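Structure file work_32.cif (mmCIF, C-alpha atoms and all ligand atoms) is printed below.
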data_start
#
loop_
_atom_site.label_atom_id
_atom_site.label_comp_id
_atom_site.auth_asym_id
_atom_site.auth_seq_id
_atom_site.Cartn_x
_atom_site.Cartn_y
_atom_site.Cartn_z
CA MET A 44 -23.78 54.37 7.69
CA VAL A 45 -24.16 51.52 10.17
CA PRO A 46 -20.68 50.48 11.34
CA LEU A 47 -19.36 47.05 10.41
CA ILE A 48 -18.15 45.25 13.52
CA LEU A 49 -15.89 42.23 13.10
CA LEU A 50 -16.43 39.89 16.01
CA THR A 51 -14.15 36.96 16.76
CA ASN A 52 -13.32 34.79 19.76
CA ASP A 53 -10.35 32.56 20.43
CA ASP A 54 -12.58 30.05 22.26
CA GLY A 55 -14.20 29.17 18.92
CA TYR A 56 -17.46 29.97 17.15
CA LEU A 57 -19.62 28.10 19.68
CA SER A 58 -18.42 30.08 22.71
CA PRO A 59 -21.20 31.65 24.79
CA GLY A 60 -19.25 34.89 25.22
CA LEU A 61 -19.23 35.42 21.45
CA HIS A 62 -22.98 34.93 21.17
CA ALA A 63 -23.84 37.28 24.03
CA LEU A 64 -21.65 39.94 22.44
CA ARG A 65 -23.12 39.39 18.98
CA ARG A 66 -26.62 40.09 20.28
CA VAL A 67 -25.62 43.34 22.04
CA LEU A 68 -23.38 44.71 19.27
CA SER A 69 -26.14 44.02 16.71
CA GLU A 70 -28.22 46.74 18.38
CA PHE A 71 -26.02 49.43 16.80
CA GLY A 72 -23.81 47.73 14.20
CA ASP A 73 -23.70 45.21 11.39
CA VAL A 74 -21.95 42.39 13.21
CA TRP A 75 -19.93 40.06 10.99
CA VAL A 76 -18.69 37.03 12.89
CA LEU A 77 -15.59 35.13 11.81
CA ALA A 78 -14.35 32.75 14.47
CA PRO A 79 -12.17 29.64 14.62
CA GLU A 80 -13.79 26.22 14.37
CA LYS A 81 -11.89 25.06 17.48
CA ASN A 82 -10.62 26.53 20.73
CA TRP A 83 -7.34 28.44 20.19
CA SER A 84 -6.91 29.74 23.74
CA ALA A 85 -3.25 30.52 24.50
CA ALA A 86 -2.52 30.46 20.74
CA SER A 87 -0.88 33.88 21.05
CA ARG A 88 -0.41 35.52 17.63
CA THR A 89 -0.27 32.25 15.73
CA ARG A 90 -0.69 32.42 11.96
CA VAL A 91 -1.47 29.44 9.76
CA PHE A 92 0.81 29.50 6.73
CA HIS A 93 1.35 25.81 5.99
CA LYS A 94 -2.10 24.90 4.69
CA PRO A 95 -5.01 26.58 2.91
CA LEU A 96 -7.56 28.39 5.01
CA ARG A 97 -11.26 27.69 4.57
CA VAL A 98 -14.15 29.94 5.50
CA TYR A 99 -17.65 28.49 5.74
CA SER A 100 -21.00 29.48 7.21
CA ALA A 101 -22.70 27.85 10.14
CA GLN A 102 -26.20 28.41 11.47
CA LEU A 103 -26.54 28.54 15.23
CA PRO A 104 -29.55 27.24 17.18
CA ASP A 105 -30.85 30.83 17.51
CA GLY A 106 -30.97 31.11 13.69
CA SER A 107 -28.02 33.48 13.35
CA VAL A 108 -25.36 32.79 10.73
CA VAL A 109 -21.68 33.01 11.62
CA HIS A 110 -18.55 32.47 9.56
CA VAL A 111 -16.10 29.81 10.67
CA THR A 112 -12.50 29.09 9.70
CA ASN A 113 -9.79 26.53 10.31
CA GLY A 114 -7.44 29.48 10.92
CA SER A 115 -6.31 31.08 14.16
CA PRO A 116 -7.78 34.13 15.93
CA SER A 117 -5.22 36.40 14.22
CA ASP A 118 -6.04 34.74 10.88
CA CYS A 119 -9.71 35.61 11.45
CA VAL A 120 -8.89 39.31 11.63
CA LEU A 121 -6.57 39.28 8.61
CA LEU A 122 -8.94 37.19 6.50
CA ALA A 123 -11.67 39.73 7.19
CA VAL A 124 -9.49 42.78 6.61
CA LEU A 125 -7.94 41.41 3.42
CA GLY A 126 -11.29 41.01 1.73
CA VAL A 127 -13.36 38.15 3.11
CA ALA A 128 -15.58 40.52 5.12
CA PRO A 129 -18.23 42.37 3.08
CA ARG A 130 -16.33 45.64 3.69
CA ARG A 131 -13.51 46.97 5.86
CA PRO A 132 -14.53 46.67 9.53
CA ASP A 133 -14.92 49.88 11.56
CA LEU A 134 -14.31 48.00 14.79
CA VAL A 135 -12.72 44.68 15.76
CA VAL A 136 -13.93 42.99 18.94
CA ALA A 137 -12.35 39.77 20.27
CA GLY A 138 -14.33 38.10 23.03
CA ILE A 139 -15.87 37.67 25.38
CA ASN A 140 -13.12 35.29 26.43
CA ALA A 141 -13.81 32.70 29.12
CA GLY A 142 -11.13 33.76 31.61
CA ALA A 143 -9.12 36.89 32.36
CA ASN A 144 -6.12 37.97 30.24
CA LEU A 145 -3.83 39.99 32.47
CA GLY A 146 -0.30 41.17 33.16
CA LYS A 147 2.68 39.36 31.70
CA ASP A 148 0.43 36.54 30.47
CA VAL A 149 -1.29 38.68 27.81
CA THR A 150 1.22 37.67 25.14
CA TYR A 151 -0.09 34.09 25.43
CA SER A 152 -3.61 35.22 24.68
CA GLY A 153 -5.35 34.56 21.38
CA THR A 154 -8.01 37.08 22.39
CA VAL A 155 -5.50 39.89 22.94
CA SER A 156 -3.59 38.92 19.80
CA ALA A 157 -6.71 39.24 17.66
CA ALA A 158 -7.22 42.79 18.95
CA ILE A 159 -3.55 43.61 18.33
CA GLU A 160 -3.98 42.29 14.78
CA GLY A 161 -6.91 44.67 14.31
CA ALA A 162 -4.91 47.62 15.65
CA GLN A 163 -2.00 46.71 13.35
CA ALA A 164 -4.43 46.93 10.45
CA GLY A 165 -5.37 50.45 11.56
CA ILE A 166 -8.79 49.52 12.95
CA THR A 167 -10.14 50.44 16.39
CA SER A 168 -9.93 47.17 18.32
CA LEU A 169 -10.65 45.73 21.70
CA ALA A 170 -10.14 42.43 23.49
CA VAL A 171 -12.67 41.52 26.18
CA SER A 172 -12.28 38.82 28.82
CA LEU A 173 -14.48 37.79 31.74
CA ASP A 174 -13.04 36.36 34.93
CA VAL A 175 -14.64 32.94 35.22
CA ALA A 176 -12.28 31.53 37.84
CA GLY A 177 -13.76 30.21 41.05
CA ASP A 178 -16.71 27.95 41.61
CA PRO A 179 -17.10 25.64 38.57
CA GLU A 180 -20.83 25.46 39.34
CA GLU A 181 -21.13 29.22 38.86
CA THR A 182 -22.48 30.27 35.44
CA PRO A 183 -20.50 33.19 34.00
CA ASP A 184 -22.67 36.28 33.43
CA TYR A 185 -21.82 36.93 29.79
CA GLU A 186 -25.00 38.99 29.31
CA SER A 187 -23.94 41.71 31.77
CA ALA A 188 -20.38 41.65 30.45
CA ALA A 189 -21.70 42.00 26.89
CA ARG A 190 -23.85 45.02 27.82
CA LEU A 191 -20.85 46.72 29.40
CA THR A 192 -18.75 45.93 26.31
CA GLY A 193 -21.50 47.31 24.09
CA LYS A 194 -21.33 50.69 25.87
CA LEU A 195 -17.55 50.78 25.48
CA ALA A 196 -17.74 49.78 21.81
CA ARG A 197 -20.20 52.61 21.15
CA LEU A 198 -17.88 55.13 22.81
CA LEU A 199 -14.95 53.91 20.73
CA LEU A 200 -16.96 54.12 17.49
CA GLU A 201 -18.16 57.65 18.28
CA HIS A 202 -14.94 59.19 19.59
CA HIS A 203 -12.02 57.10 18.21
CA PRO A 204 -9.83 57.98 21.20
CA LEU A 205 -7.04 55.48 20.52
CA PRO A 206 -3.70 56.36 18.91
CA SER A 207 -2.70 54.41 15.80
CA GLY A 208 -1.61 50.84 16.58
CA VAL A 209 -3.09 50.86 20.09
CA CYS A 210 -5.87 48.49 21.13
CA LEU A 211 -7.73 48.06 24.42
CA ASN A 212 -7.50 45.03 26.68
CA VAL A 213 -10.63 44.87 28.82
CA ASN A 214 -11.08 42.49 31.76
CA ILE A 215 -14.40 42.21 33.56
CA PRO A 216 -14.66 40.85 37.12
CA ARG A 217 -17.22 38.36 38.34
CA GLY A 218 -20.26 39.96 39.97
CA ALA A 219 -21.27 43.60 39.75
CA PRO A 220 -18.18 45.77 39.02
CA LYS A 221 -17.28 48.50 41.52
CA GLY A 222 -16.26 50.78 38.66
CA ILE A 223 -13.68 51.10 35.89
CA LYS A 224 -9.91 51.54 36.23
CA VAL A 225 -7.57 52.48 33.41
CA THR A 226 -4.50 50.41 34.13
CA ARG A 227 -1.04 49.25 33.08
CA LEU A 228 -0.09 45.58 32.73
CA GLY A 229 0.85 43.96 36.02
CA GLY A 230 3.18 41.05 36.68
CA LYS A 231 2.29 37.38 36.71
CA ILE A 232 -1.13 36.29 37.86
CA TRP A 233 -0.67 32.54 37.44
CA THR A 234 1.74 30.45 39.46
CA GLU A 235 3.76 28.00 37.35
CA GLU A 236 3.55 24.37 38.33
CA LEU A 237 4.48 21.19 36.50
CA VAL A 238 2.55 18.02 37.22
CA ARG A 239 4.33 14.77 36.31
CA GLY A 240 2.71 11.39 35.93
CA LYS A 241 2.70 8.09 34.05
CA ASP A 242 0.30 7.45 31.19
CA PRO A 243 -1.47 4.05 30.82
CA ARG A 244 1.46 2.83 28.65
CA GLY A 245 3.94 3.64 31.39
CA ARG A 246 5.46 6.68 29.70
CA ASP A 247 6.10 9.96 31.55
CA TYR A 248 3.79 12.86 30.88
CA PHE A 249 4.00 16.49 31.95
CA TRP A 250 1.04 18.82 32.44
CA PHE A 251 1.24 22.54 33.16
CA ALA A 252 -0.84 23.49 36.18
CA GLY A 253 -0.87 26.45 38.56
CA GLU A 254 -3.29 28.79 40.22
CA MET A 255 -4.46 32.34 39.72
CA LEU A 256 -3.68 34.92 42.41
CA SER A 257 -6.74 35.57 44.52
CA THR A 258 -5.78 38.71 46.46
CA PRO A 259 -4.88 42.06 44.86
CA PRO A 260 -1.07 42.61 44.95
CA SER A 261 -0.30 45.49 47.32
CA GLY A 262 1.73 48.37 45.90
CA GLU A 263 0.44 47.65 42.40
CA GLU A 264 -2.81 49.57 42.55
CA ASP A 265 -2.29 50.93 39.03
CA THR A 266 -2.20 47.48 37.40
CA ASP A 267 -4.79 45.38 35.59
CA ILE A 268 -4.32 42.51 38.04
CA TRP A 269 -5.00 44.70 41.07
CA ALA A 270 -8.08 46.23 39.41
CA LEU A 271 -9.67 42.91 38.45
CA LEU A 272 -8.96 41.21 41.77
CA SER A 273 -10.39 44.27 43.55
CA GLY A 274 -13.65 44.01 41.60
CA TYR A 275 -13.11 46.70 38.96
CA VAL A 276 -13.32 46.53 35.18
CA SER A 277 -9.75 46.95 33.94
CA VAL A 278 -9.05 48.82 30.69
CA THR A 279 -5.42 48.68 29.49
CA PRO A 280 -4.16 50.27 26.27
CA LEU A 281 -1.70 47.94 24.51
CA HIS A 282 0.57 48.19 21.51
CA LEU A 283 2.91 45.82 19.78
CA ASP A 284 6.17 47.76 20.21
CA LEU A 285 8.14 45.38 22.44
CA THR A 286 11.40 47.32 21.98
CA ALA A 287 13.30 47.81 25.26
CA TYR A 288 14.08 51.50 24.71
CA GLU A 289 16.00 51.76 27.98
CA ALA A 290 18.59 49.29 26.62
CA LEU A 291 19.17 50.96 23.23
CA GLU A 292 21.78 53.48 24.37
CA THR A 293 23.85 50.93 26.32
CA LEU A 294 23.84 48.56 23.37
CA ARG A 295 25.16 51.22 20.95
CA ILE A 296 28.60 50.13 22.14
CA LEU A 297 28.18 47.19 19.77
CA GLU A 298 28.06 49.62 16.85
CA ARG A 299 31.23 51.37 18.01
CA VAL A 300 33.26 48.28 18.94
CA GLY A 301 31.95 45.86 16.35
CA LEU A 302 31.91 42.10 16.81
MN MN B 401 -9.82 31.78 25.13
#
Encoded form (structure tokens):
Amino acid sequence: MVPLILLTNDDGYLSPGLHALRRVLSEFGDVWVLAPEKNWSAASRTRVFHKPLRVYSAQLPDGSVVHVTNGSPSDCVLLAVLGVAPRRPDLVVAGINAGANLGKDVTYSGTVSAAIEGAQAGITSLAVSLDVAGDPEETPDYESAARLTGKLARLLLEHHPLPSGVCLNVNIPRGAPKGIKVTRLGGKIWTEELVRGKDPRGRDYFWFAGEMLSTPPSGEEDTDIWALLSGYVSVTPLHLDLTAYEALETLRILERVGL
């Protein structure tokens, strides 16, 4: 049977990375698109509980039909899994995101969160992001990134190599990749900066700014940040267990002493 591939994208249903991926994945799967109606980048694992969710169809200029919702990227996955999709997806793909999702910043990512949601539902899932930093005049090559993702998606569908609850976070560099590195999450890739100013009514405003690292951090050759900044495709397995196991034993004293 042709696999059902659920495709979503935290940049919204009009994002070029979603459309490039839809075309490639359609070569070997039934691609069912459910994406947010607006950009939810940095939405993390937001869920919308305080209002009803709507799902409607939209026809794109190329004639394809996608499904759109007022929900978040994680909502897209759960809506599909809980019965809105025509059947249970065999694969969840979130992307291609405009911009890398790396290191300690991945918990901000709506793209990564959608893949985690898929893995939590027991479905093989991957998040895919393309580094688009740099020259704003440069057009991101979503077509090449989509072809690479297509090969990976096929491998995952054929071999199911991931343990339960584990998804893949894939980051693709600009230009032709030197190869692929399987990596761990690195540290921070963005510097934190706060810009202050006055709005036209004379009130203070604050705006988060900052810059992405541009050189690979030495001594961290096994990380996603090093791989991407060195020109490799980075593939990091992720799961949702945030427990700090190394602290459990020390904290048992609370059980013995009480509060
Ligand atoms: Mn995004």
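Here atom CA of Leu237 of chain A is placed at a distance of 22.1 Å from atom CA of Pro179 of chain A.
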Exercise for the section: List all protein, DNA and RNA residues that have an atom no more than 9 Å from any atom of ligand MN 401 (chain B), counting only C-alpha atoms and all ligand atoms, and report them as a list in words. Expected result: Asn52, Asp53, Asp54, Gly55, Asn82, Trp83, Ser84, Ala85, Ala86, Gly138, Ile139, Asn140, Ala141, Gly142, Ala143, Asn144, Ser152, Gly153, Thr154 and Ser172 of chain A
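Checking A:Ala170, A:Val155, A:Ile296, A:Val209 one by one against Ser87 of chain A, counting only C-alpha atoms, you find the shortest gap at A:Val155.
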Exercise for the section: Might you pull out every residue within 9 Å of Ala157 of chain A, with all atoms listed in the file counted and same-chain residues fewer than 5 positions away left off, and present them as a list in words? Expected result: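 Contacts, with the query itself left out: Thr51, Asn52, Asp53, Ser87, Arg88, Ser115, Pro116, Ser117, Asp118, Cys119, Val120, Val135, Val136, Ala137, Ser152, Ala162, Ser168, Leu169 and Ala170 of chain A.
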Contacts between segment 252-263 of chain A and segment 131-178 of chain A, please, where a residue of segment 131-178 of chain A counts if it comes within 12 Å (with all atoms listed in the file); show its shortest atom pair and distance in Å to one decimal, rows by chain and ascending number, as a tab-separated table.
residue	atom	partner	partner_atom	distance
A:Gly142	CA	A:Met255	CA	10.6
A:Ala143	CA	A:Met255	CA	9.8
A:Asn144	CA	A:Met255	CA	11.2
A:Leu145	CA	A:Met255	CA	10.6
A:Gly146	CA	A:Glu263	CA	11.3
A:Asp148	CA	A:Met255	CA	11.3
A:Asp174	CA	A:Met255	CA	10.6
A:Val175	CA	A:Met255	CA	11.1
A:Ala176	CA	A:Met255	CA	8.1
A:Gly177	CA	A:Ser257	CA	9.5
Problem - Expected residue set, 9 Å radius at (-10.4, 29.8, 5.3), all atoms listed in the file, as a VMD selection string - result: chain A and resid 95 to 99 111 to 114 118 to 119 122
Practice task
Find the residue from A:Thr293, A:Ser273, A:Thr167, A:Thr150 that sits nearest to His203 of chain A; use all atoms listed in the file when measuring.
Solution key: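 The answer is A:Thr167, which sits nearest to His203 of chain A.
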Fill in the blank from the handout: Counting all atoms listed in the file, the residue among A:Ile232, A:Leu283, A:Met44, A:Leu50 that lies closest to Ala128 of chain A is A:Leu50
Handout entry: Interatomic distance (Å, one decimal) between atom CA of Glu80 of chain A and atom CA of Ala196 of chain A
Key =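 Distance reported for this atom pair: 25.0 Å.
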Reconstruct N, CA and C atoms of segment 124-159 of chain A from the incomplete input and present them as an mmCIF file, keeping the file's coordinate frame.
data_model
loop_
_atom_site.group_PDB
_atom_site.id
_atom_site.type_symbol
_atom_site.label_atom_id
_atom_site.label_comp_id
_atom_site.auth_asym_id
_atom_site.auth_seq_id
_atom_site.Cartn_x
_atom_site.Cartn_y
_atom_site.Cartn_z
ATOM 1 N N VAL A 124 -10.023 41.499 7.074
ATOM 2 C CA VAL A 124 -9.490 42.780 6.610
ATOM 3 C C VAL A 124 -9.019 42.700 5.165
ATOM 4 N N LEU A 125 -8.491 41.541 4.779
ATOM 5 C CA LEU A 125 -7.940 41.410 3.420
ATOM 6 C C LEU A 125 -9.006 41.015 2.393
ATOM 7 N N GLY A 126 -10.270 41.107 2.769
ATOM 8 C CA GLY A 126 -11.290 41.010 1.730
ATOM 9 C C GLY A 126 -12.380 39.979 1.918
ATOM 10 N N VAL A 127 -12.301 39.154 2.939
ATOM 11 C CA VAL A 127 -13.360 38.150 3.110
ATOM 12 C C VAL A 127 -14.614 38.786 3.730
ATOM 13 N N ALA A 128 -14.419 39.805 4.568
ATOM 14 C CA ALA A 128 -15.580 40.520 5.120
ATOM 15 C C ALA A 128 -16.231 41.340 4.008
ATOM 16 N N PRO A 129 -17.533 41.631 4.144
ATOM 17 C CA PRO A 129 -18.230 42.370 3.080
ATOM 18 C C PRO A 129 -17.646 43.764 2.838
ATOM 19 N N ARG A 130 -17.083 44.383 3.859
ATOM 20 C CA ARG A 130 -16.330 45.640 3.690
ATOM 21 C C ARG A 130 -15.353 45.768 4.849
ATOM 22 N N ARG A 131 -14.519 46.802 4.810
ATOM 23 C CA ARG A 131 -13.510 46.970 5.860
ATOM 24 C C ARG A 131 -14.208 47.237 7.193
ATOM 25 N N PRO A 132 -13.874 46.449 8.238
ATOM 26 C CA PRO A 132 -14.530 46.670 9.530
ATOM 27 C C PRO A 132 -14.185 48.047 10.108
ATOM 28 N N ASP A 133 -15.159 48.628 10.824
ATOM 29 C CA ASP A 133 -14.920 49.880 11.560
ATOM 30 C C ASP A 133 -14.439 49.596 12.962
ATOM 31 N N LEU A 134 -14.684 48.373 13.420
ATOM 32 C CA LEU A 134 -14.310 48.000 14.790
ATOM 33 C C LEU A 134 -14.057 46.494 14.814
ATOM 34 N N VAL A 135 -12.998 46.112 15.527
ATOM 35 C CA VAL A 135 -12.720 44.680 15.760
ATOM 36 C C VAL A 135 -12.926 44.405 17.236
ATOM 37 N N VAL A 136 -13.733 43.391 17.545
ATOM 38 C CA VAL A 136 -13.930 42.990 18.940
ATOM 39 C C VAL A 136 -13.587 41.504 19.061
ATOM 40 N N ALA A 137 -12.696 41.174 19.996
ATOM 41 C CA ALA A 137 -12.350 39.770 20.270
ATOM 42 C C ALA A 137 -12.870 39.425 21.649
ATOM 43 N N GLY A 138 -13.806 38.483 21.720
ATOM 44 C CA GLY A 138 -14.330 38.100 23.030
ATOM 45 C C GLY A 138 -15.769 37.658 22.929
ATOM 46 N N ILE A 139 -16.430 37.501 24.043
ATOM 47 C CA ILE A 139 -15.870 37.670 25.380
ATOM 48 C C ILE A 139 -15.161 36.373 25.747
ATOM 49 N N ASN A 140 -13.879 36.488 26.104
ATOM 50 C CA ASN A 140 -13.120 35.290 26.430
ATOM 51 C C ASN A 140 -13.551 34.703 27.775
ATOM 52 N N ALA A 141 -13.523 33.380 27.844
ATOM 53 C CA ALA A 141 -13.810 32.700 29.120
ATOM 54 C C ALA A 141 -12.517 32.677 29.933
ATOM 55 N N GLY A 142 -12.331 33.679 30.784
ATOM 56 C CA GLY A 142 -11.130 33.760 31.610
ATOM 57 C C GLY A 142 -10.388 35.062 31.363
ATOM 58 N N ALA A 143 -9.811 35.601 32.448
ATOM 59 C CA ALA A 143 -9.120 36.890 32.360
ATOM 60 C C ALA A 143 -7.830 36.770 31.555
ATOM 61 N N ASN A 144 -7.401 37.873 30.946
ATOM 62 C CA ASN A 144 -6.120 37.970 30.240
ATOM 63 C C ASN A 144 -5.374 39.175 30.784
ATOM 64 N N LEU A 145 -4.408 38.924 31.650
ATOM 65 C CA LEU A 145 -3.830 39.990 32.470
ATOM 66 C C LEU A 145 -2.309 39.929 32.528
ATOM 67 N N GLY A 146 -1.712 41.080 32.812
ATOM 68 C CA GLY A 146 -0.300 41.170 33.160
ATOM 69 C C GLY A 146 0.619 40.561 32.111
ATOM 70 N N LYS A 147 1.668 39.898 32.609
ATOM 71 C CA LYS A 147 2.680 39.360 31.700
ATOM 72 C C LYS A 147 2.161 38.176 30.888
ATOM 73 N N ASP A 148 0.986 37.674 31.225
ATOM 74 C CA ASP A 148 0.430 36.540 30.470
ATOM 75 C C ASP A 148 -0.308 36.981 29.205
ATOM 76 N N VAL A 149 -0.454 38.295 28.967
ATOM 77 C CA VAL A 149 -1.290 38.680 27.810
ATOM 78 C C VAL A 149 -0.685 38.258 26.476
ATOM 79 N N THR A 150 0.648 38.071 26.436
ATOM 80 C CA THR A 150 1.220 37.670 25.140
ATOM 81 C C THR A 150 0.876 36.218 24.797
ATOM 82 N N TYR A 151 0.393 35.448 25.764
ATOM 83 C CA TYR A 151 -0.090 34.090 25.430
ATOM 84 C C TYR A 151 -1.467 34.120 24.766
ATOM 85 N N SER A 152 -2.170 35.206 24.951
ATOM 86 C CA SER A 152 -3.610 35.220 24.680
ATOM 87 C C SER A 152 -3.967 35.334 23.202
ATOM 88 N N GLY A 153 -4.810 34.441 22.733
ATOM 89 C CA GLY A 153 -5.350 34.560 21.380
ATOM 90 C C GLY A 153 -6.324 35.708 21.275
ATOM 91 N N THR A 154 -7.042 35.977 22.362
ATOM 92 C CA THR A 154 -8.010 37.080 22.390
ATOM 93 C C THR A 154 -7.290 38.414 22.205
ATOM 94 N N VAL A 155 -6.255 38.640 23.025
ATOM 95 C CA VAL A 155 -5.500 39.890 22.940
ATOM 96 C C VAL A 155 -4.823 40.000 21.577
ATOM 97 N N SER A 156 -4.287 38.885 21.085
ATOM 98 C CA SER A 156 -3.590 38.920 19.800
ATOM 99 C C SER A 156 -4.522 39.307 18.658
ATOM 100 N N ALA A 157 -5.764 38.864 18.716
ATOM 101 C CA ALA A 157 -6.710 39.240 17.660
ATOM 102 C C ALA A 157 -6.946 40.745 17.669
ATOM 103 N N ALA A 158 -7.032 41.337 18.863
ATOM 104 C CA ALA A 158 -7.220 42.790 18.950
ATOM 105 C C ALA A 158 -5.967 43.526 18.477
ATOM 106 N N ILE A 159 -4.797 43.001 18.810
ATOM 107 C CA ILE A 159 -3.550 43.610 18.330
ATOM 108 C C ILE A 159 -3.505 43.551 16.802
#
